[in-house]
Amino acid sequence: MTQPQLAPLTLYLAAPRGFCAGVDRAIKIVEMALSKWGAPVYVRHEIVHNKYVVDDLRAKGAVFVEELDECPPDRPVIFSAHGVPKAVPAEAARREMIYVDATCPLVSKVHMEAARHHERGLQIVMIGHAGHPETIGTMGQLPAGEVLLVETPDDVASVAVRDPGQLAYVTQTTLSVDDTIDIVAALQARFPAIVGPHKEDICYATTNRQEAVKAIAPNCDALLVVGAPNSSNSRRLVEVAARAGCGYAQLVQRASDIDWRALEGIGSMGITAGASAPEVLINEVVDAFRARFDVTVEVVETAQENVEFKVPRVLREPA
């Protein structure tokens, strides 16, 4: 019996995609901590926003908690890549705990920037998403009221500042580049003296992944972003794809989440992944398409990444 002929499908694979240097480093920190101190090692908040990664580390002996008071004082604790308010390491030190900060160095850069502005007497406006761990961590670097949050250009009109002439702004590192431009423009229009970052706060990996999606989206009947629903950078990629002209853009955590009925009759497909999604999940999605279509893969590379961040010294020293 002859096999039914599979419909042809051009699969555009965005590059860069998936893991960034900060995520890579954070996962390595948990694995090295387990190797150095043995299980269990506690992690405050998901180390990165990806269920597959978290489940894998949990199987190796990591225990994920939301707050420090859930950790026993005699076991090491790791702070997630998103960063934490200043009060968290202070409390860990007070309890004489071993702790390792896995905050992405590019998030730490924003923290230091905010602290420098504060020392100069400036109040900070943060462009970010309310409730996101990175926003909570950045706002928690300074005393209450010193960092004001705006999420949209409309928020800028109503933000109540102490002194319009003494302001600076910082941004969450995983935002949409295009959306942020509009919010910055609104801030500069209302507060002409506002001071911006020396260098763009949105991280290189977020920008690169968005540019790669913009390059493939116009050629795709549909585009899938492999990532978690609570991953800010992954959700932005879906929005970027839709805005760049792709009629169907969706977020999926695994190949099992793909809505095949919505993809009937497509001839071209885009695939990318958020910065905390491992390549194994991307391969799983590609294999699912190979099982249903006669796939031709085209890798579309818009940038090369060779950034690497060192792990903290405490993990490089013998136990």
# chains A, B, ... in the order shown; residues from 1 in each chain; ligands from 1
call {"tool": "residues_around", "arguments": {"residues": "Ala115 in chain A", "least_positions_apart": "5", "cutoff": "10 Å", "atoms": "only C-alpha atoms", "output": "JSON, numbers by chain"}}
result
{"A": [109, 110, 120, 121, 122, 124, 138, 141, 142]}
call {"tool": "select_by_dssp", "arguments": {"residues": "range 43-173 of chain A", "states": "helix (DSSP H, G or I)", "output": "ChimeraX atom specification"}}
result
/A:51-60,68-70,87-94,105-119,133-139,153-158
call {"tool": "write_last_selection", "arguments": {"atoms": "N, CA and C atoms", "output": "compact mmCIF listing (two decimals), in the first residue's frame"}}
result
# COMPACT_ATOMS: atom_id res chain seq x y z
N LYS A 51 8.87 25.45 31.66
CA LYS A 51 8.47 24.28 32.46
C LYS A 51 9.43 23.10 32.24
N TYR A 52 9.83 22.88 31.00
CA TYR A 52 10.72 21.76 30.68
C TYR A 52 12.04 21.90 31.44
N VAL A 53 12.59 23.11 31.44
CA VAL A 53 13.86 23.37 32.13
C VAL A 53 13.69 23.19 33.64
N VAL A 54 12.62 23.76 34.18
CA VAL A 54 12.36 23.68 35.63
C VAL A 54 12.17 22.22 36.06
N ASP A 55 11.37 21.47 35.29
CA ASP A 55 11.14 20.05 35.62
C ASP A 55 12.43 19.25 35.57
N ASP A 56 13.29 19.55 34.59
CA ASP A 56 14.57 18.85 34.45
C ASP A 56 15.46 19.12 35.66
N LEU A 57 15.52 20.38 36.10
CA LEU A 57 16.34 20.72 37.27
C LEU A 57 15.74 20.15 38.56
N ARG A 58 14.41 20.12 38.61
CA ARG A 58 13.74 19.54 39.79
C ARG A 58 14.10 18.05 39.92
N ALA A 59 14.14 17.37 38.78
CA ALA A 59 14.49 15.94 38.78
C ALA A 59 15.93 15.73 39.26
N LYS A 60 16.78 16.74 39.07
CA LYS A 60 18.18 16.63 39.50
C LYS A 60 18.38 17.03 40.97
N LEU A 68 11.78 33.28 50.32
CA LEU A 68 12.96 32.84 51.07
C LEU A 68 12.59 32.07 52.34
N ASP A 69 11.47 32.45 52.97
CA ASP A 69 11.11 31.79 54.24
C ASP A 69 10.69 30.33 54.04
N GLU A 70 10.57 29.90 52.78
CA GLU A 70 10.28 28.48 52.50
C GLU A 70 11.57 27.65 52.43
N ALA A 87 15.99 43.51 49.30
CA ALA A 87 15.66 42.96 50.61
C ALA A 87 15.90 41.44 50.67
N VAL A 88 15.88 40.76 49.53
CA VAL A 88 15.99 39.29 49.53
C VAL A 88 17.41 38.83 49.88
N PRO A 89 18.46 39.28 49.17
CA PRO A 89 19.81 38.88 49.61
C PRO A 89 20.15 39.41 51.00
N ALA A 90 19.60 40.56 51.37
CA ALA A 90 19.85 41.09 52.72
C ALA A 90 19.30 40.14 53.78
N GLU A 91 18.11 39.61 53.52
CA GLU A 91 17.50 38.66 54.47
C GLU A 91 18.27 37.34 54.47
N ALA A 92 18.74 36.89 53.30
CA ALA A 92 19.53 35.65 53.24
C ALA A 92 20.82 35.81 54.04
N ALA A 93 21.45 36.97 53.93
CA ALA A 93 22.68 37.24 54.68
C ALA A 93 22.39 37.27 56.18
N ARG A 94 21.25 37.88 56.55
CA ARG A 94 20.87 37.96 57.96
C ARG A 94 20.68 36.55 58.55
N PRO A 105 23.34 39.22 34.07
CA PRO A 105 24.17 40.42 34.17
C PRO A 105 23.56 41.65 33.47
N LEU A 106 22.74 41.42 32.45
CA LEU A 106 22.12 42.57 31.77
C LEU A 106 20.98 43.16 32.60
N VAL A 107 20.36 42.33 33.44
CA VAL A 107 19.37 42.85 34.39
C VAL A 107 20.10 43.59 35.51
N SER A 108 21.22 43.02 35.97
CA SER A 108 22.02 43.68 37.01
C SER A 108 22.48 45.06 36.55
N LYS A 109 22.78 45.18 35.25
CA LYS A 109 23.20 46.47 34.69
C LYS A 109 22.10 47.52 34.89
N VAL A 110 20.83 47.11 34.67
CA VAL A 110 19.70 48.02 34.87
C VAL A 110 19.59 48.39 36.35
N HIS A 111 19.80 47.41 37.23
CA HIS A 111 19.77 47.67 38.68
C HIS A 111 20.81 48.74 39.06
N MET A 112 22.01 48.58 38.52
CA MET A 112 23.09 49.54 38.86
C MET A 112 22.80 50.93 38.29
N GLU A 113 22.22 50.94 37.12
CA GLU A 113 21.83 52.20 36.48
C GLU A 113 20.81 52.94 37.35
N ALA A 114 19.80 52.20 37.82
CA ALA A 114 18.76 52.79 38.67
C ALA A 114 19.39 53.34 39.96
N ALA A 115 20.32 52.58 40.54
CA ALA A 115 20.98 53.02 41.78
C ALA A 115 21.78 54.30 41.55
N ARG A 116 22.47 54.38 40.39
CA ARG A 116 23.26 55.59 40.07
C ARG A 116 22.35 56.82 39.92
N HIS A 117 21.24 56.65 39.23
CA HIS A 117 20.29 57.76 39.07
C HIS A 117 19.76 58.22 40.43
N HIS A 118 19.47 57.24 41.30
CA HIS A 118 18.94 57.53 42.63
C HIS A 118 19.95 58.34 43.45
N GLU A 119 21.23 57.96 43.34
CA GLU A 119 22.29 58.68 44.06
C GLU A 119 22.38 60.15 43.60
N PRO A 133 8.51 39.20 37.53
CA PRO A 133 9.60 39.13 38.51
C PRO A 133 10.72 40.14 38.25
N GLU A 134 11.03 40.38 36.98
CA GLU A 134 12.11 41.33 36.69
C GLU A 134 11.73 42.74 37.11
N THR A 135 10.49 43.12 36.86
CA THR A 135 10.00 44.45 37.27
C THR A 135 10.02 44.58 38.78
N ILE A 136 9.54 43.55 39.46
CA ILE A 136 9.52 43.55 40.94
C ILE A 136 10.95 43.69 41.47
N GLY A 137 11.89 42.94 40.84
CA GLY A 137 13.29 42.98 41.28
C GLY A 137 13.93 44.34 41.07
N THR A 138 13.67 44.95 39.91
CA THR A 138 14.27 46.25 39.61
C THR A 138 13.68 47.34 40.51
N MET A 139 12.36 47.34 40.65
CA MET A 139 11.71 48.35 41.50
C MET A 139 12.14 48.19 42.96
N PRO A 153 1.97 53.89 26.60
CA PRO A 153 2.07 55.34 26.40
C PRO A 153 0.99 56.11 27.17
N ASP A 154 -0.21 55.52 27.29
CA ASP A 154 -1.31 56.17 28.03
C ASP A 154 -0.96 56.37 29.51
N ASP A 155 -0.20 55.41 30.08
CA ASP A 155 0.18 55.51 31.49
C ASP A 155 1.03 56.76 31.76
N VAL A 156 1.78 57.18 30.74
CA VAL A 156 2.70 58.30 30.91
C VAL A 156 1.94 59.58 31.27
N ALA A 157 0.75 59.73 30.69
CA ALA A 157 -0.05 60.95 30.93
C ALA A 157 -0.47 61.08 32.39
N SER A 158 -0.62 59.93 33.08
CA SER A 158 -1.17 59.99 34.45
C SER A 158 -0.13 59.75 35.54
call {"tool": "residues_around", "arguments": {"residues": "Gly247 in chain A", "least_positions_apart": "3", "cutoff": "12 Å", "atoms": "only C-alpha atoms", "output": "PyMOL selection string"}}
result
chain A and resi 217-224+238-244+250+262-263+266+268-270
call {"tool": "select_by_dssp", "arguments": {"residues": "range 209-241 of chain A", "states": "strand (DSSP E or B)", "output": "ChimeraX atom specification"}}
result
/A:222-226
call {"tool": "write_last_selection", "arguments": {"atoms": "N, CA and C atoms", "output": "tab-separated table (two decimals), in the first residue's frame"}}
result
chain	number	residue	atom	x	y	z
A	222	ALA	N	1.97	31.05	8.73
A	222	ALA	CA	1.78	30.91	10.18
A	222	ALA	C	3.14	30.91	10.84
A	223	LEU	N	3.16	31.26	12.14
A	223	LEU	CA	4.43	31.26	12.88
A	223	LEU	C	4.18	30.79	14.30
A	224	LEU	N	5.03	29.90	14.77
A	224	LEU	CA	4.94	29.42	16.15
A	224	LEU	C	6.16	29.89	16.94
A	225	VAL	N	5.89	30.34	18.16
A	225	VAL	CA	6.95	30.70	19.10
A	225	VAL	C	6.96	29.62	20.19
A	226	VAL	N	8.06	28.93	20.33
A	226	VAL	CA	8.19	27.93	21.40
A	226	VAL	C	8.61	28.67	22.66
call {"tool": "residues_around", "arguments": {"residues": "Arg17 in chain A", "least_positions_apart": "2", "cutoff": "8 Å", "atoms": "only C-alpha atoms", "output": "PyMOL selection string"}}
result
chain A and resi 14-15+19+209+272-275
call {"tool": "residues_around", "arguments": {"residues": "range 191-207 of chain A", "least_positions_apart": "3", "cutoff": "7 Å", "atoms": "only C-alpha atoms", "output": "MDAnalysis selection string"}}
result
chainID A and resid 20 106 110 164:165 167:175 177 187:188 210:211 233
call {"tool": "closest_residue", "arguments": {"among": "A:Ile181, A:Val30, A:Val213, A:Val23", "to": "Ala303 in chain A", "atoms": "only C-alpha atoms"}}
result
A:Val213
call {"tool": "residues_around", "arguments": {"residues": "Ser256 in chain A", "least_positions_apart": "2", "cutoff": "10 Å", "atoms": "only C-alpha atoms", "output": "PyMOL selection string"}}
result
chain A and resi 252-254+258-260+284-285+288
call {"tool": "atom_distance", "arguments": {"atom1": "CA of Ala319 in chain A", "atom2": "CA of Leu34 in chain A"}}
result
11.3 Å
call {"tool": "closest_residue", "arguments": {"among": "A:Ile98, A:Ala7, A:Leu148, A:Leu13", "to": "Val299 in chain A", "atoms": "only C-alpha atoms"}}
result
A:Leu13
call {"tool": "decode", "arguments": {"residues": "range 13-64 of chain A", "atoms": "C-alpha atoms", "output": "short mmCIF file (atom, residue, chain, number, x, y, z; two decimals), in the first residue's frame"}}
result
data_model
loop_
_atom_site.label_atom_id
_atom_site.label_comp_id
_atom_site.auth_asym_id
_atom_site.auth_seq_id
_atom_site.Cartn_x
_atom_site.Cartn_y
_atom_site.Cartn_z
CA LEU A 13 13.72 28.64 11.25
CA ALA A 14 14.63 31.96 12.86
CA ALA A 15 18.17 32.51 14.09
CA PRO A 16 19.02 33.56 16.71
CA ARG A 17 16.34 31.70 18.70
CA GLY A 18 16.08 29.94 22.07
CA PHE A 19 18.57 30.14 24.92
CA CYS A 20 20.41 33.40 25.56
CA ALA A 21 23.63 33.77 27.56
CA GLY A 22 21.79 34.85 30.74
CA VAL A 23 19.51 31.78 30.70
CA ASP A 24 22.42 29.48 29.88
CA ARG A 25 24.35 30.88 32.85
CA ALA A 26 21.37 30.60 35.24
CA ILE A 27 20.79 26.92 34.42
CA LYS A 28 24.53 26.23 34.73
CA ILE A 29 24.50 27.91 38.18
CA VAL A 30 21.81 25.51 39.46
CA GLU A 31 23.60 22.47 38.00
CA MET A 32 26.98 23.55 39.45
CA ALA A 33 25.39 24.26 42.85
CA LEU A 34 23.91 20.73 42.89
CA SER A 35 27.29 19.33 41.92
CA LYS A 36 29.11 21.36 44.62
CA TRP A 37 26.69 21.09 47.56
CA GLY A 38 24.51 18.10 46.62
CA ALA A 39 20.72 18.00 46.64
CA PRO A 40 18.55 19.68 47.65
CA VAL A 41 19.44 23.14 46.42
CA TYR A 42 16.64 25.70 46.75
CA VAL A 43 15.73 28.13 43.98
CA ARG A 44 13.63 31.21 44.71
CA HIS A 45 11.15 31.52 41.84
CA GLU A 46 11.46 29.60 38.54
CA ILE A 47 15.13 29.94 37.56
CA VAL A 48 13.92 30.78 34.03
CA HIS A 49 10.40 30.78 32.62
CA ASN A 50 10.26 27.33 31.04
CA LYS A 51 8.47 24.28 32.46
CA TYR A 52 10.72 21.76 30.68
CA VAL A 53 13.86 23.37 32.13
CA VAL A 54 12.36 23.68 35.63
CA ASP A 55 11.14 20.05 35.62
CA ASP A 56 14.57 18.85 34.45
CA LEU A 57 16.34 20.72 37.27
CA ARG A 58 13.74 19.54 39.79
CA ALA A 59 14.49 15.94 38.78
CA LYS A 60 18.18 16.63 39.50
CA GLY A 61 17.42 17.89 43.03
CA ALA A 62 16.45 21.55 42.77
CA VAL A 63 13.52 22.65 44.94
CA PHE A 64 11.60 25.65 43.61
#
